[in-house]
Amino acid sequence: MADYLTAAKAARTEQTIERSRFITSASPVTSREEAEAFFAEIRREFRDATHNVPAFVIGDKMQLQWASDDGEPQGTSGAPIVRLITGRGITNVAIVVTRYFGGIKLGTGGLVRAYTSSAAQCLDACGTANHETAYSAAVKLSYPAFEKLKRAVLPAGTELGETEYSERVRVELVYDGRERGNLMKLISDISMGDFEQEPEKETERVVLVP
């Protein structure tokens with residue numbers, strides 16, 4: 001079950017606008033501390049840049065939103081990046097747009113467009129993923145039943161995880177809670193009821209959006 005959209009991976013992009021270089025770095029984050037560590041890393045890497053404009057949106061309901069213009073005219077850089085992120089429905093991501101001034105002033109509207117397009121370009125490169133609440137439970141069953149399970153059409157969102165081979169096969173299952181009943185019925189049918197299920201645990205996973 002999808003909880004929220006997030007960036008699938010870290011990315012970096014670059015474009016030149018009116019001789020200014022805009023280098024954008026983005027990374028998935030889950031806390032303010034992670035975001036601030038990411039910002040510090042980018043500032044160290046581009047310590048000679050004219051501006052390093054940071055922004056983040058964090059929380060399953062986008063509860064934490066923060067940005068700085070880092071010396072650009074107020075409201076022309078950081079805030080537009082946050083609006084872009086939230087407008088796409090994405091959270092748990094930090095972005096820094098690094099600018100090397102090229103000698104041509106862009107004006108207020110030009111700056112907004114430059115920072116927004118730079119951030120958009122980088123988010124496109126990151127890709128989008130669904131952060132899901134899932135469930136996991138290990139089951140033990142016979143070798144023939146396990147072979148049938150591997151060949152079976154599993155309920156949507158079900159994955160076979162870590163497997164241990166002993167007197168019986170112990171396999172970790174990760175699944176959508178809504179498919180729990182269908183999955184256990186399938187395992188019962190395949191094993192003719194001869195299986196053991198360990199306690200269920202809640203877990204998380206990130207699934208790439210095509």
# chains A, B, ... in the order shown; residues from 1 in each chain; ligands from 1
>>> residues_around(residues="region 174-188 of chain A", least_positions_apart="6", cutoff="6 Å", atoms="only C-alpha atoms", output="VMD selection string")
chain A and resid 134 to 136 157 to 159
>>> write_last_selection(atoms="N, CA and C atoms", output="PDB file, in the first residue's frame")
ATOM      1  N   ALA A 134       4.621  -2.399   4.185  1.00  0.00           N
ATOM      2  CA  ALA A 134       4.400  -3.788   3.796  1.00  0.00           C
ATOM      3  C   ALA A 134       4.509  -4.662   5.046  1.00  0.00           C
ATOM      4  N   TYR A 135       4.370  -5.947   4.841  1.00  0.00           N
ATOM      5  CA  TYR A 135       4.451  -6.899   5.953  1.00  0.00           C
ATOM      6  C   TYR A 135       5.360  -8.041   5.544  1.00  0.00           C
ATOM      7  N   SER A 136       5.986  -8.656   6.530  1.00  0.00           N
ATOM      8  CA  SER A 136       6.840  -9.799   6.255  1.00  0.00           C
ATOM      9  C   SER A 136       6.588 -10.893   7.281  1.00  0.00           C
ATOM     10  N   GLY A 157       2.322  -7.678  -5.376  1.00  0.00           N
ATOM     11  CA  GLY A 157       3.118  -7.071  -4.319  1.00  0.00           C
ATOM     12  C   GLY A 157       3.846  -8.056  -3.433  1.00  0.00           C
ATOM     13  N   THR A 158       3.786  -9.365  -3.743  1.00  0.00           N
ATOM     14  CA  THR A 158       4.449 -10.376  -2.919  1.00  0.00           C
ATOM     15  C   THR A 158       5.847 -10.669  -3.453  1.00  0.00           C
ATOM     16  N   GLU A 159       6.816 -10.751  -2.551  1.00  0.00           N
ATOM     17  CA  GLU A 159       8.200 -11.052  -2.929  1.00  0.00           C
ATOM     18  C   GLU A 159       8.724 -12.186  -2.055  1.00  0.00           C
TER      19      GLU A 159
END
>>> closest_residue(among="A:Ala35, A:Leu208, A:Ser142, A:Lys150", to="Glu167 (chain A)", atoms="only C-alpha atoms")
A:Ser142
>>> closest_atom_pairs(of="region 52-109 of chain A", to="region 19-28 of chain A", cutoff="10 Å", atoms="only C-alpha atoms", output="Markdown table")
| residue | atom | partner | partner_atom | distance |
| --- | --- | --- | --- | --- |
| A:Asn52 | CA | A:Ile23 | CA | 9.2 |
| A:Val53 | CA | A:Thr24 | CA | 9.3 |
| A:Pro54 | CA | A:Ser25 | CA | 9.5 |
| A:Ala55 | CA | A:Ala26 | CA | 9.6 |
| A:Phe56 | CA | A:Ala26 | CA | 9.5 |
| A:Val57 | CA | A:Pro28 | CA | 9.9 |
| A:Ile58 | CA | A:Pro28 | CA | 9.5 |
| A:Thr91 | CA | A:Pro28 | CA | 8.6 |
| A:Asn92 | CA | A:Pro28 | CA | 5.8 |
| A:Val93 | CA | A:Pro28 | CA | 4.4 |
| A:Ala94 | CA | A:Ser27 | CA | 5.5 |
| A:Ile95 | CA | A:Ala26 | CA | 4.3 |
| A:Val96 | CA | A:Ser25 | CA | 5.3 |
| A:Val97 | CA | A:Thr24 | CA | 4.3 |
| A:Thr98 | CA | A:Ile23 | CA | 5.0 |
| A:Arg99 | CA | A:Phe22 | CA | 4.7 |
| A:Tyr100 | CA | A:Arg21 | CA | 5.1 |
| A:Phe101 | CA | A:Ser20 | CA | 4.7 |
| A:Gly102 | CA | A:Ser20 | CA | 4.1 |
| A:Gly103 | CA | A:Arg19 | CA | 7.0 |
| A:Ile104 | CA | A:Arg19 | CA | 6.9 |
| A:Lys105 | CA | A:Ser20 | CA | 9.1 |
| A:Leu106 | CA | A:Ser20 | CA | 9.3 |
>>> write_last_selection(atoms="N, CA and C atoms", output="short mmCIF file (atom, residue, chain, number, x, y, z; two decimals), in the first residue's frame")
data_model
loop_
_atom_site.label_atom_id
_atom_site.label_comp_id
_atom_site.auth_asym_id
_atom_site.auth_seq_id
_atom_site.Cartn_x
_atom_site.Cartn_y
_atom_site.Cartn_z
N ASN A 52 24.87 28.35 -3.09
CA ASN A 52 24.43 26.97 -2.91
C ASN A 52 23.06 27.03 -2.25
N VAL A 53 22.02 26.92 -3.05
CA VAL A 53 20.65 27.11 -2.56
C VAL A 53 20.06 25.77 -2.13
N PRO A 54 19.79 25.60 -0.82
CA PRO A 54 19.29 24.32 -0.32
C PRO A 54 17.78 24.34 -0.07
N ALA A 55 17.17 23.16 -0.18
CA ALA A 55 15.74 23.03 0.14
C ALA A 55 15.46 21.57 0.48
N PHE A 56 14.51 21.36 1.38
CA PHE A 56 14.07 19.99 1.62
C PHE A 56 12.59 19.96 1.94
N VAL A 57 11.98 18.79 1.68
CA VAL A 57 10.62 18.46 2.10
C VAL A 57 10.69 17.08 2.72
N ILE A 58 10.22 16.96 3.96
CA ILE A 58 10.36 15.71 4.71
C ILE A 58 9.05 15.39 5.43
N THR A 91 8.07 13.76 -1.34
CA THR A 91 8.59 14.13 -0.02
C THR A 91 9.85 13.32 0.27
N ASN A 92 10.48 13.60 1.42
CA ASN A 92 11.72 12.96 1.84
C ASN A 92 12.81 13.11 0.78
N VAL A 93 13.03 14.36 0.39
CA VAL A 93 14.08 14.65 -0.59
C VAL A 93 14.73 15.98 -0.24
N ALA A 94 16.04 16.06 -0.46
CA ALA A 94 16.80 17.30 -0.27
C ALA A 94 17.46 17.67 -1.59
N ILE A 95 17.47 18.97 -1.88
CA ILE A 95 18.02 19.47 -3.14
C ILE A 95 18.92 20.67 -2.85
N VAL A 96 20.03 20.75 -3.55
CA VAL A 96 20.88 21.94 -3.55
C VAL A 96 21.12 22.35 -4.99
N VAL A 97 20.77 23.58 -5.32
CA VAL A 97 21.09 24.12 -6.64
C VAL A 97 22.29 25.05 -6.46
N THR A 98 23.40 24.67 -7.06
CA THR A 98 24.64 25.43 -6.99
C THR A 98 24.74 26.34 -8.22
N ARG A 99 25.03 27.62 -7.98
CA ARG A 99 25.15 28.55 -9.10
C ARG A 99 26.54 29.18 -9.14
N TYR A 100 27.13 29.15 -10.32
CA TYR A 100 28.33 29.92 -10.61
C TYR A 100 27.91 31.07 -11.51
N PHE A 101 27.91 32.27 -10.96
CA PHE A 101 27.42 33.44 -11.69
C PHE A 101 28.26 33.69 -12.94
N GLY A 102 27.57 33.92 -14.06
CA GLY A 102 28.26 34.10 -15.33
C GLY A 102 28.36 35.52 -15.81
N GLY A 103 27.91 36.48 -14.98
CA GLY A 103 28.07 37.88 -15.34
C GLY A 103 26.82 38.55 -15.88
N ILE A 104 25.78 37.77 -16.16
CA ILE A 104 24.53 38.34 -16.68
C ILE A 104 23.44 38.16 -15.63
N LYS A 105 22.84 39.26 -15.18
CA LYS A 105 21.77 39.17 -14.20
C LYS A 105 20.49 38.65 -14.87
N LEU A 106 19.78 37.80 -14.16
CA LEU A 106 18.60 37.16 -14.73
C LEU A 106 17.30 37.86 -14.36
#
>>> residues_around(residues="region 190-205 of chain A", least_positions_apart="6", cutoff="7 Å", atoms="only C-alpha atoms", output="PyMOL selection string")
chain A and resi 131-141+145+148-149
>>> write_last_selection(atoms="N, CA, C and O atoms", output="PDB file, in the first residue's frame")
ATOM      1  N   HIS A 131       6.857   4.839  -1.537  1.00  0.00           N
ATOM      2  CA  HIS A 131       7.250   4.292  -0.240  1.00  0.00           C
ATOM      3  C   HIS A 131       6.025   3.574   0.305  1.00  0.00           C
ATOM      4  O   HIS A 131       4.950   4.157   0.428  1.00  0.00           O
ATOM      5  N   GLU A 132       6.179   2.291   0.591  1.00  0.00           N
ATOM      6  CA  GLU A 132       5.032   1.477   0.994  1.00  0.00           C
ATOM      7  C   GLU A 132       5.227   0.877   2.383  1.00  0.00           C
ATOM      8  O   GLU A 132       6.328   0.488   2.761  1.00  0.00           O
ATOM      9  N   THR A 133       4.128   0.771   3.118  1.00  0.00           N
ATOM     10  CA  THR A 133       4.090  -0.048   4.313  1.00  0.00           C
ATOM     11  C   THR A 133       3.759  -1.458   3.861  1.00  0.00           C
ATOM     12  O   THR A 133       2.751  -1.681   3.184  1.00  0.00           O
ATOM     13  N   ALA A 134       4.621  -2.399   4.185  1.00  0.00           N
ATOM     14  CA  ALA A 134       4.400  -3.788   3.796  1.00  0.00           C
ATOM     15  C   ALA A 134       4.509  -4.662   5.046  1.00  0.00           C
ATOM     16  O   ALA A 134       4.716  -4.163   6.158  1.00  0.00           O
ATOM     17  N   TYR A 135       4.370  -5.947   4.841  1.00  0.00           N
ATOM     18  CA  TYR A 135       4.451  -6.899   5.953  1.00  0.00           C
ATOM     19  C   TYR A 135       5.360  -8.041   5.544  1.00  0.00           C
ATOM     20  O   TYR A 135       5.506  -8.352   4.355  1.00  0.00           O
ATOM     21  N   SER A 136       5.986  -8.656   6.530  1.00  0.00           N
ATOM     22  CA  SER A 136       6.840  -9.799   6.255  1.00  0.00           C
ATOM     23  C   SER A 136       6.588 -10.893   7.281  1.00  0.00           C
ATOM     24  O   SER A 136       6.250 -10.624   8.436  1.00  0.00           O
ATOM     25  N   ALA A 137       6.730 -12.116   6.819  1.00  0.00           N
ATOM     26  CA  ALA A 137       6.611 -13.278   7.702  1.00  0.00           C
ATOM     27  C   ALA A 137       7.351 -14.426   7.035  1.00  0.00           C
ATOM     28  O   ALA A 137       7.306 -14.572   5.805  1.00  0.00           O
ATOM     29  N   ALA A 138       8.034 -15.220   7.828  1.00  0.00           N
ATOM     30  CA  ALA A 138       8.716 -16.394   7.294  1.00  0.00           C
ATOM     31  C   ALA A 138       7.805 -17.601   7.421  1.00  0.00           C
ATOM     32  O   ALA A 138       7.020 -17.719   8.378  1.00  0.00           O
ATOM     33  N   VAL A 139       7.882 -18.478   6.425  1.00  0.00           N
ATOM     34  CA  VAL A 139       7.151 -19.745   6.498  1.00  0.00           C
ATOM     35  C   VAL A 139       8.131 -20.887   6.278  1.00  0.00           C
ATOM     36  O   VAL A 139       9.136 -20.737   5.570  1.00  0.00           O
ATOM     37  N   LYS A 140       7.838 -22.027   6.894  1.00  0.00           N
ATOM     38  CA  LYS A 140       8.621 -23.239   6.691  1.00  0.00           C
ATOM     39  C   LYS A 140       7.730 -24.261   6.012  1.00  0.00           C
ATOM     40  O   LYS A 140       6.594 -24.488   6.436  1.00  0.00           O
ATOM     41  N   LEU A 141       8.250 -24.863   4.956  1.00  0.00           N
ATOM     42  CA  LEU A 141       7.477 -25.854   4.219  1.00  0.00           C
ATOM     43  C   LEU A 141       8.418 -26.859   3.573  1.00  0.00           C
ATOM     44  O   LEU A 141       9.637 -26.689   3.600  1.00  0.00           O
ATOM     45  N   ALA A 145       6.941 -28.431  -1.853  1.00  0.00           N
ATOM     46  CA  ALA A 145       6.000 -27.313  -1.749  1.00  0.00           C
ATOM     47  C   ALA A 145       6.704 -25.993  -2.081  1.00  0.00           C
ATOM     48  O   ALA A 145       6.114 -25.111  -2.733  1.00  0.00           O
ATOM     49  N   LYS A 148       6.984 -25.557  -5.783  1.00  0.00           N
ATOM     50  CA  LYS A 148       5.686 -25.136  -6.334  1.00  0.00           C
ATOM     51  C   LYS A 148       5.445 -23.649  -6.074  1.00  0.00           C
ATOM     52  O   LYS A 148       4.922 -22.938  -6.925  1.00  0.00           O
ATOM     53  N   LEU A 149       5.855 -23.204  -4.880  1.00  0.00           N
ATOM     54  CA  LEU A 149       5.673 -21.792  -4.529  1.00  0.00           C
ATOM     55  C   LEU A 149       6.482 -20.898  -5.466  1.00  0.00           C
ATOM     56  O   LEU A 149       6.009 -19.849  -5.897  1.00  0.00           O
TER      57      LEU A 149
END
>>> closest_residue(among="A:Ala129, A:Gly78, A:Tyr143, A:Pro73", to="Arg170 (chain A)", atoms="only C-alpha atoms")
A:Tyr143
>>> closest_residue(among="A:Leu5, A:Val209, A:Ala67, A:Cys122", to="Glu36 (chain A)", atoms="only C-alpha atoms")
A:Ala67
>>> select_by_dssp(residues="region 64-180 of chain A", states="strand (DSSP E or B)", output="ChimeraX atom specification")
/A:64-67,90-91,93-100,128-141,159-165,169-175
>>> closest_residue(among="A:Thr116, A:Arg43, A:Gly89, A:Gly107", to="Glu72 (chain A)", atoms="only C-alpha atoms")
A:Gly107
>>> atom_distance(atom1="CA of Asn130 (chain A)", atom2="CA of Ile42 (chain A)")
26.2 Å
>>> closest_residue(among="A:Glu34, A:Asp48, A:Asp189, A:Asp3", to="Ala152 (chain A)", atoms="only C-alpha atoms")
A:Asp189
